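So this block is entry.cif, mmCIF, C-alpha atoms:
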```
data_run
#
loop_
_atom_site.label_atom_id
_atom_site.label_comp_id
_atom_site.auth_asym_id
_atom_site.auth_seq_id
_atom_site.Cartn_x
_atom_site.Cartn_y
_atom_site.Cartn_z
CA MET A 214 21.92 2.96 9.92
CA THR A 215 19.32 0.61 8.49
CA PRO A 216 15.85 1.31 9.93
CA GLN A 217 14.75 -1.35 12.41
CA LEU A 218 11.23 -2.23 13.43
CA ASP A 219 11.02 -1.02 17.02
CA ALA A 220 7.33 -0.74 17.86
CA ILE A 221 3.80 -1.62 16.83
CA SER A 222 1.26 1.15 17.31
CA VAL A 223 -2.43 0.56 17.95
CA ILE A 224 -4.99 3.38 18.04
CA VAL A 225 -7.58 2.90 20.78
CA SER A 226 -10.82 4.59 21.71
CA ASP A 227 -10.73 3.73 25.43
CA MET A 228 -7.25 3.61 26.96
CA ALA A 229 -8.39 2.07 30.26
CA ALA A 230 -10.22 -0.78 28.51
CA SER A 231 -7.30 -1.40 26.16
CA VAL A 232 -4.65 -1.40 28.89
CA ALA A 233 -6.78 -3.82 30.93
CA PHE A 234 -7.19 -6.09 27.88
CA TYR A 235 -3.48 -6.21 27.04
CA ARG A 236 -2.55 -6.68 30.70
CA ARG A 237 -4.69 -9.85 30.62
CA LEU A 238 -2.36 -11.00 27.84
CA GLY A 239 0.66 -10.47 30.11
CA LEU A 240 1.88 -7.07 28.89
CA GLU A 241 3.15 -4.73 31.58
CA PHE A 242 2.13 -1.09 31.36
CA PRO A 243 3.25 1.52 33.90
CA GLU A 244 0.92 2.30 36.76
CA GLY A 245 -1.51 5.02 35.68
CA ALA A 246 -1.17 4.21 31.96
CA GLU A 247 -4.91 3.70 31.75
CA SER A 248 -5.51 7.45 32.18
CA GLU A 249 -2.93 8.65 29.64
CA GLY A 250 -3.26 9.44 25.94
CA HIS A 251 -0.19 7.31 25.13
CA ALA A 252 1.04 4.11 26.79
CA GLU A 253 3.85 1.66 26.04
CA ALA A 254 4.66 -1.91 27.01
CA ALA A 255 7.79 -3.89 26.20
CA ILE A 256 7.22 -7.04 24.13
CA GLY A 257 10.45 -8.93 23.66
CA GLY A 258 12.85 -6.55 21.95
CA MET A 259 10.03 -4.31 20.76
CA ARG A 260 7.26 -2.15 22.18
CA LEU A 261 3.49 -2.05 21.85
CA LEU A 262 2.31 1.56 21.68
CA LEU A 263 -1.27 2.50 22.48
CA ASP A 264 -2.51 5.95 21.49
CA THR A 265 -6.01 7.28 21.97
CA GLU A 266 -7.97 8.57 19.01
CA ALA A 267 -7.80 12.05 20.58
CA THR A 268 -4.00 11.88 20.82
CA VAL A 269 -3.63 10.86 17.17
CA ALA A 270 -6.08 13.58 16.07
CA SER A 271 -4.05 16.16 18.02
CA PHE A 272 -1.04 15.80 15.71
CA THR A 273 -2.70 14.60 12.49
CA PRO A 274 -5.06 17.29 11.17
CA GLY A 275 -8.23 15.86 9.67
CA TRP A 276 -7.63 12.34 10.97
CA GLN A 277 -10.79 10.28 11.53
CA PRO A 278 -11.06 6.87 13.15
CA PRO A 279 -11.34 4.11 10.53
CA THR A 280 -14.60 2.26 10.04
CA GLY A 281 -15.16 -1.34 9.10
CA PRO A 282 -13.11 -4.42 9.93
CA GLY A 283 -9.40 -4.17 10.60
CA ARG A 284 -6.65 -5.24 8.25
CA SER A 285 -4.14 -6.41 10.81
CA SER A 286 -3.92 -8.46 13.97
CA LEU A 287 -1.50 -9.15 16.77
CA ALA A 288 -0.55 -12.77 17.43
CA PHE A 289 0.31 -14.02 20.91
CA ARG A 290 2.08 -17.38 21.26
CA CYS A 291 0.83 -19.35 24.25
CA ALA A 292 2.74 -21.96 26.23
CA ASP A 293 0.59 -24.84 25.02
CA PRO A 294 -2.83 -25.62 23.50
CA ALA A 295 -4.50 -25.61 26.93
CA GLU A 296 -3.36 -22.04 27.51
CA VAL A 297 -5.00 -20.98 24.22
CA ASP A 298 -8.31 -22.39 25.45
CA LYS A 299 -7.93 -20.91 28.93
CA LEU A 300 -6.97 -17.42 27.75
CA TYR A 301 -9.68 -17.33 25.09
CA GLY A 302 -12.25 -18.32 27.73
CA GLU A 303 -11.03 -15.69 30.18
CA LEU A 304 -11.17 -12.93 27.56
CA VAL A 305 -14.64 -13.91 26.33
CA ASP A 306 -15.87 -14.24 29.94
CA ALA A 307 -14.55 -10.71 30.56
CA GLY A 308 -16.86 -9.46 27.80
CA HIS A 309 -14.55 -9.41 24.76
CA HIS A 310 -15.89 -10.65 21.42
CA GLY A 311 -14.68 -14.09 20.44
CA GLU A 312 -14.04 -14.11 16.69
CA THR A 313 -12.84 -17.71 16.27
CA PRO A 314 -13.20 -20.22 19.11
CA PRO A 315 -10.15 -22.42 19.77
CA TRP A 316 -9.62 -25.20 17.25
CA ASP A 317 -6.87 -27.47 16.00
CA ALA A 318 -5.85 -25.71 12.79
CA PHE A 319 -4.64 -27.71 9.81
CA TRP A 320 -1.32 -25.79 9.90
CA GLY A 321 -0.40 -27.45 13.21
CA GLN A 322 -1.52 -24.96 15.84
CA ARG A 323 -4.21 -24.65 18.45
CA TYR A 324 -5.61 -21.33 17.24
CA ALA A 325 -8.24 -18.81 18.35
CA CYS A 326 -9.02 -15.16 17.72
CA VAL A 327 -10.65 -12.59 19.99
CA ALA A 328 -11.25 -8.90 19.36
CA ASP A 329 -9.66 -6.26 21.57
CA PRO A 330 -11.87 -3.37 22.82
CA ASP A 331 -11.51 -1.57 19.45
CA GLY A 332 -12.10 -4.64 17.29
CA HIS A 333 -8.45 -5.37 16.45
CA GLY A 334 -7.94 -9.10 15.90
CA ILE A 335 -5.88 -10.81 18.58
CA ASP A 336 -4.68 -14.26 17.56
CA LEU A 337 -3.88 -16.77 20.28
CA TYR A 338 -1.91 -19.85 19.24
CA ALA A 339 0.32 -22.67 20.37
CA PRO A 340 1.97 -25.48 18.42
CA LEU A 341 0.06 -28.75 18.56
CA PRO A 342 1.99 -31.71 19.99
CA SER A 343 3.76 -33.79 17.34
CA GLU A 344 2.27 -37.20 16.84
#
```

Mind turning this structure into C-alpha coordinates?
Amino acid sequence: MTPQLDAISVIVSDMAASVAFYRRLGLEFPEGAESEGHAEAAIGGMRLLLDTEATVASFTPGWQPPTGPGRSSLAFRCADPAEVDKLYGELVDAGHHGETPPWDAFWGQRYACVADPDGHGIDLYAPLPSE
(Lines of atoms letter the chains of each structure in order from A and count residues from 1; the text may use other names and numbers.)
(Lines give C-alpha, C1' and ligand atoms only; values in the text may rest on other atoms or scores of the structure.)
Protein backbone atom coordinates (compact mmCIF):
# COMPACT_ATOMS: atom_id res chain seq x y z
CA MET A 1 0.00 0.00 0.00
CA THR A 2 1.20 3.51 -0.77
CA PRO A 3 1.05 5.75 2.31
CA GLN A 4 -1.79 8.27 2.13
CA LEU A 5 -2.07 11.56 3.96
CA ASP A 6 -4.86 10.95 6.45
CA ALA A 7 -4.55 13.63 9.12
CA ILE A 8 -2.97 16.94 10.07
CA SER A 9 -1.81 17.16 13.67
CA VAL A 10 -1.61 20.40 15.64
CA ILE A 11 -0.07 20.61 19.12
CA VAL A 12 -2.02 22.92 21.42
CA SER A 13 -1.43 24.36 24.86
CA ASP A 14 -5.12 24.82 25.78
CA MET A 15 -7.47 22.19 24.37
CA ALA A 16 -10.66 24.03 25.34
CA ALA A 17 -9.54 27.25 23.64
CA SER A 18 -8.40 25.39 20.54
CA VAL A 19 -11.56 23.31 20.19
CA ALA A 20 -13.65 26.48 20.58
CA PHE A 21 -11.54 28.24 17.91
CA TYR A 22 -11.81 25.44 15.36
CA ARG A 23 -15.53 25.00 16.06
CA ARG A 24 -15.94 28.66 15.02
CA LEU A 25 -14.42 27.59 11.69
CA GLY A 26 -17.11 24.90 11.31
CA LEU A 27 -15.19 21.82 12.48
CA GLU A 28 -17.18 19.34 14.54
CA PHE A 29 -15.50 17.84 17.59
CA PRO A 30 -17.23 15.32 19.85
CA GLU A 31 -18.94 16.63 22.95
CA GLY A 32 -16.41 16.81 25.79
CA ALA A 33 -13.40 17.06 23.45
CA GLU A 34 -12.39 20.30 25.14
CA SER A 35 -11.37 18.40 28.29
CA GLU A 36 -9.36 15.65 26.57
CA GLY A 37 -5.65 15.42 25.75
CA HIS A 38 -6.45 14.38 22.16
CA ALA A 39 -9.35 15.43 19.91
CA GLU A 40 -10.23 14.80 16.27
CA ALA A 41 -12.51 16.42 13.71
CA ALA A 42 -13.27 15.23 10.19
CA ILE A 43 -12.29 17.66 7.43
CA GLY A 44 -13.35 16.35 4.06
CA GLY A 45 -11.65 12.99 3.63
CA MET A 46 -9.08 13.78 6.31
CA ARG A 47 -8.91 14.56 10.01
CA LEU A 48 -7.58 17.43 12.09
CA LEU A 49 -5.90 16.07 15.23
CA LEU A 50 -5.37 18.26 18.27
CA ASP A 51 -2.99 17.06 20.97
CA THR A 52 -2.06 18.94 24.11
CA GLU A 53 1.57 19.65 24.87
CA ALA A 54 1.26 17.32 27.89
CA THR A 55 -0.02 14.48 25.70
CA VAL A 56 2.84 14.84 23.22
CA ALA A 57 5.40 15.04 26.06
CA SER A 58 3.95 11.83 27.55
CA PHE A 59 5.12 9.73 24.59
CA THR A 60 8.08 11.79 23.32
CA PRO A 61 10.80 11.93 26.00
CA GLY A 62 12.52 15.31 26.16
CA TRP A 63 10.01 17.05 23.90
CA GLN A 64 9.66 20.79 24.50
CA PRO A 65 7.12 23.15 22.95
CA PRO A 66 8.65 25.11 20.06
CA THR A 67 9.34 28.81 20.42
CA GLY A 68 9.14 31.52 17.81
CA PRO A 69 6.83 31.86 14.83
CA GLY A 70 5.32 28.82 13.17
CA ARG A 71 6.36 27.36 9.85
CA SER A 72 2.99 26.15 8.69
CA SER A 73 -0.61 27.25 8.46
CA LEU A 74 -4.02 25.79 7.79
CA ALA A 75 -6.07 27.34 4.99
CA PHE A 76 -9.87 27.44 5.10
CA ARG A 77 -11.77 28.18 1.89
CA CYS A 78 -14.80 30.38 2.49
CA ALA A 79 -17.97 30.52 0.41
CA ASP A 80 -17.26 34.02 -0.90
CA PRO A 81 -15.24 37.17 -0.15
CA ALA A 82 -17.90 38.45 2.27
CA GLU A 83 -17.53 35.32 4.38
CA VAL A 84 -13.77 35.93 4.65
CA ASP A 85 -14.47 39.39 6.08
CA LYS A 86 -17.23 38.14 8.38
CA LEU A 87 -15.26 35.21 9.78
CA TYR A 88 -12.10 37.27 10.26
CA GLY A 89 -14.13 39.88 12.16
CA GLU A 90 -15.80 37.26 14.36
CA LEU A 91 -12.47 35.65 15.26
CA VAL A 92 -10.77 38.96 16.03
CA ASP A 93 -13.82 40.12 18.03
CA ALA A 94 -13.55 36.86 20.02
CA GLY A 95 -10.03 37.88 21.04
CA HIS A 96 -7.87 36.07 18.46
CA HIS A 97 -4.91 37.90 16.94
CA GLY A 98 -5.48 39.13 13.41
CA GLU A 99 -2.27 38.66 11.44
CA THR A 100 -3.41 40.00 8.05
CA PRO A 101 -6.72 41.84 7.70
CA PRO A 102 -8.86 40.86 4.69
CA TRP A 103 -7.64 42.20 1.37
CA ASP A 104 -8.00 41.51 -2.33
CA ALA A 105 -4.78 39.61 -3.04
CA PHE A 106 -3.07 39.94 -6.41
CA TRP A 107 -3.39 36.16 -6.92
CA GLY A 108 -7.18 36.48 -7.19
CA GLN A 109 -8.44 35.77 -3.69
CA ARG A 110 -9.98 37.65 -0.83
CA TYR A 111 -7.41 36.65 1.79
CA ALA A 112 -6.87 37.10 5.53
CA CYS A 113 -4.88 35.42 8.27
CA VAL A 114 -5.65 35.06 11.97
CA ALA A 115 -3.69 33.20 14.64
CA ASP A 116 -5.24 30.29 16.52
CA PRO A 117 -4.82 30.19 20.34
CA ASP A 118 -1.27 28.79 19.96
CA GLY A 119 -0.17 31.18 17.23
CA HIS A 120 -0.62 28.82 14.27
CA GLY A 121 -1.51 30.77 11.14
CA ILE A 122 -5.05 30.24 9.90
CA ASP A 123 -5.59 31.48 6.36
CA LEU A 124 -9.11 32.43 5.29
CA TYR A 125 -9.71 32.84 1.57
CA ALA A 126 -12.26 32.88 -1.21
CA PRO A 127 -11.87 33.38 -4.95
CA LEU A 128 -12.58 36.91 -6.10
CA PRO A 129 -15.37 37.28 -8.66
CA SER A 130 -14.14 37.23 -12.26
CA GLU A 131 -14.42 40.53 -14.02

Nearest-residue call for Cys326 in chain A, choices A:Ser343, A:Asp293, A:Ser286, A:Thr280, using only C-alpha atoms: A:Ser286

Picked residues, the PyMOL selection byres ((chain A and resi 262) around 9), expected as JSON, numbers by chain: {"A": [220, 221, 222, 223, 224, 251, 252, 253, 254, 255, 260, 261, 263, 264]}

Same residues, C-alpha atoms, saved as an mmCIF file, in the frame of the given file:
```cif
data_model
loop_
_atom_site.group_PDB
_atom_site.id
_atom_site.type_symbol
_atom_site.label_atom_id
_atom_site.label_comp_id
_atom_site.auth_asym_id
_atom_site.auth_seq_id
_atom_site.Cartn_x
_atom_site.Cartn_y
_atom_site.Cartn_z
ATOM 1 C CA ALA A 220 7.330 -0.740 17.860
ATOM 2 C CA ILE A 221 3.800 -1.620 16.830
ATOM 3 C CA SER A 222 1.260 1.150 17.310
ATOM 4 C CA VAL A 223 -2.430 0.560 17.950
ATOM 5 C CA ILE A 224 -4.990 3.380 18.040
ATOM 6 C CA HIS A 251 -0.190 7.310 25.130
ATOM 7 C CA ALA A 252 1.040 4.110 26.790
ATOM 8 C CA GLU A 253 3.850 1.660 26.040
ATOM 9 C CA ALA A 254 4.660 -1.910 27.010
ATOM 10 C CA ALA A 255 7.790 -3.890 26.200
ATOM 11 C CA ARG A 260 7.260 -2.150 22.180
ATOM 12 C CA LEU A 261 3.490 -2.050 21.850
ATOM 13 C CA LEU A 263 -1.270 2.500 22.480
ATOM 14 C CA ASP A 264 -2.510 5.950 21.490
#
```

Counting only C-alpha atoms, figure out which residue out of A:Leu341, A:Leu218, A:Val225, A:Ala328 gets nearest to Thr268 in chain A.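 For Thr268 in chain A, the nearest of the given residues is A:Val225.
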
Between CA of Asp329 in chain A and CA of Tyr235 in chain A, what is the distance, to one decimal in Å?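 Those two atoms sit 8.3 Å apart.
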
Taking (-2.4, -25.5, 22.6) in the file's coordinates, which residues come within 6 Å, counting all atoms listed in the file, written as a list in words?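 Those residues lying close to the given coordinates are Asp293, Pro294, Ala295, Val297, Arg323, Ala339 and Leu341 of chain A.
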
Output as JSON the centre and edge lengths (Å, one decimal) of the box along x, y and z of the file that holds every listed atom of range 214-219 of chain A after adding 5 Å on each side.
```
{"center_x": 16.5, "center_y": 0.4, "center_z": 12.8, "size_x": 20.9, "size_y": 15.2, "size_z": 18.5}
```

Would you pick out the contacts of Leu300 in chain A at 10 Å or less, using all atoms listed in the file, so that residues sharing its chain but fewer than 2 positions from it are not included, and give the list as a ChimeraX atom specification? /A:237-238,291,295-298,302-306,315,325,327,337

Which is closest to Val269 in chain A among A:His309, A:Gly321, A:Pro340, A:Gly250, if we use only C-alpha atoms?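 Closest candidate: A:Gly250.
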
Of the listed residues A:Ser248, A:Pro330, A:Trp276, A:Gly258, that which approaches Ala307 in chain A most closely, counting all atoms listed in the file: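 Under the stated criterion, the closest residue is A:Pro330.
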
Please measure the separation of CA of Leu287 in chain A and CA of Ala270 in chain A, giving the value in Å to one decimal.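 Distance between the two atoms: 23.2 Å.
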
What does the distance from CA of Arg236 in chain A to CA of Thr273 in chain A come to in Å, to one decimal?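 Straight-line distance from CA of Arg236 in chain A to CA of Thr273 in chain A works out to 28.0 Å.
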
Nearby residues, (-7.5, 7.3, 25.3) file frame, 6 Å, all atoms listed in the file, as a tab-separated table (two decimals) with C-alpha atoms, in the frame of the given file:
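Writing done, so here's part.tsv:
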```tsv
chain	number	residue	atom	x	y	z
A	226	SER	CA	-10.82	4.59	21.71
A	227	ASP	CA	-10.73	3.73	25.43
A	228	MET	CA	-7.25	3.61	26.96
A	250	GLY	CA	-3.26	9.44	25.94
A	265	THR	CA	-6.01	7.28	21.97
```

Nearest to Ile335 in chain A by atom-to-atom distance, counting only C-alpha atoms, from A:Phe319, A:Phe272, A:Phe234, A:Phe242: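 Ranking A:Phe319, A:Phe272, A:Phe234, A:Phe242 by distance to Ile335 in chain A, first place goes to A:Phe234.
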
Taking all atoms listed in the file into account, name the residue in A:Glu312, A:Asp219, A:Glu241, A:Glu266 that is nearest to Pro279 in chain A.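 Closest to Pro279 in chain A, using all atoms listed in the file: A:Glu266.
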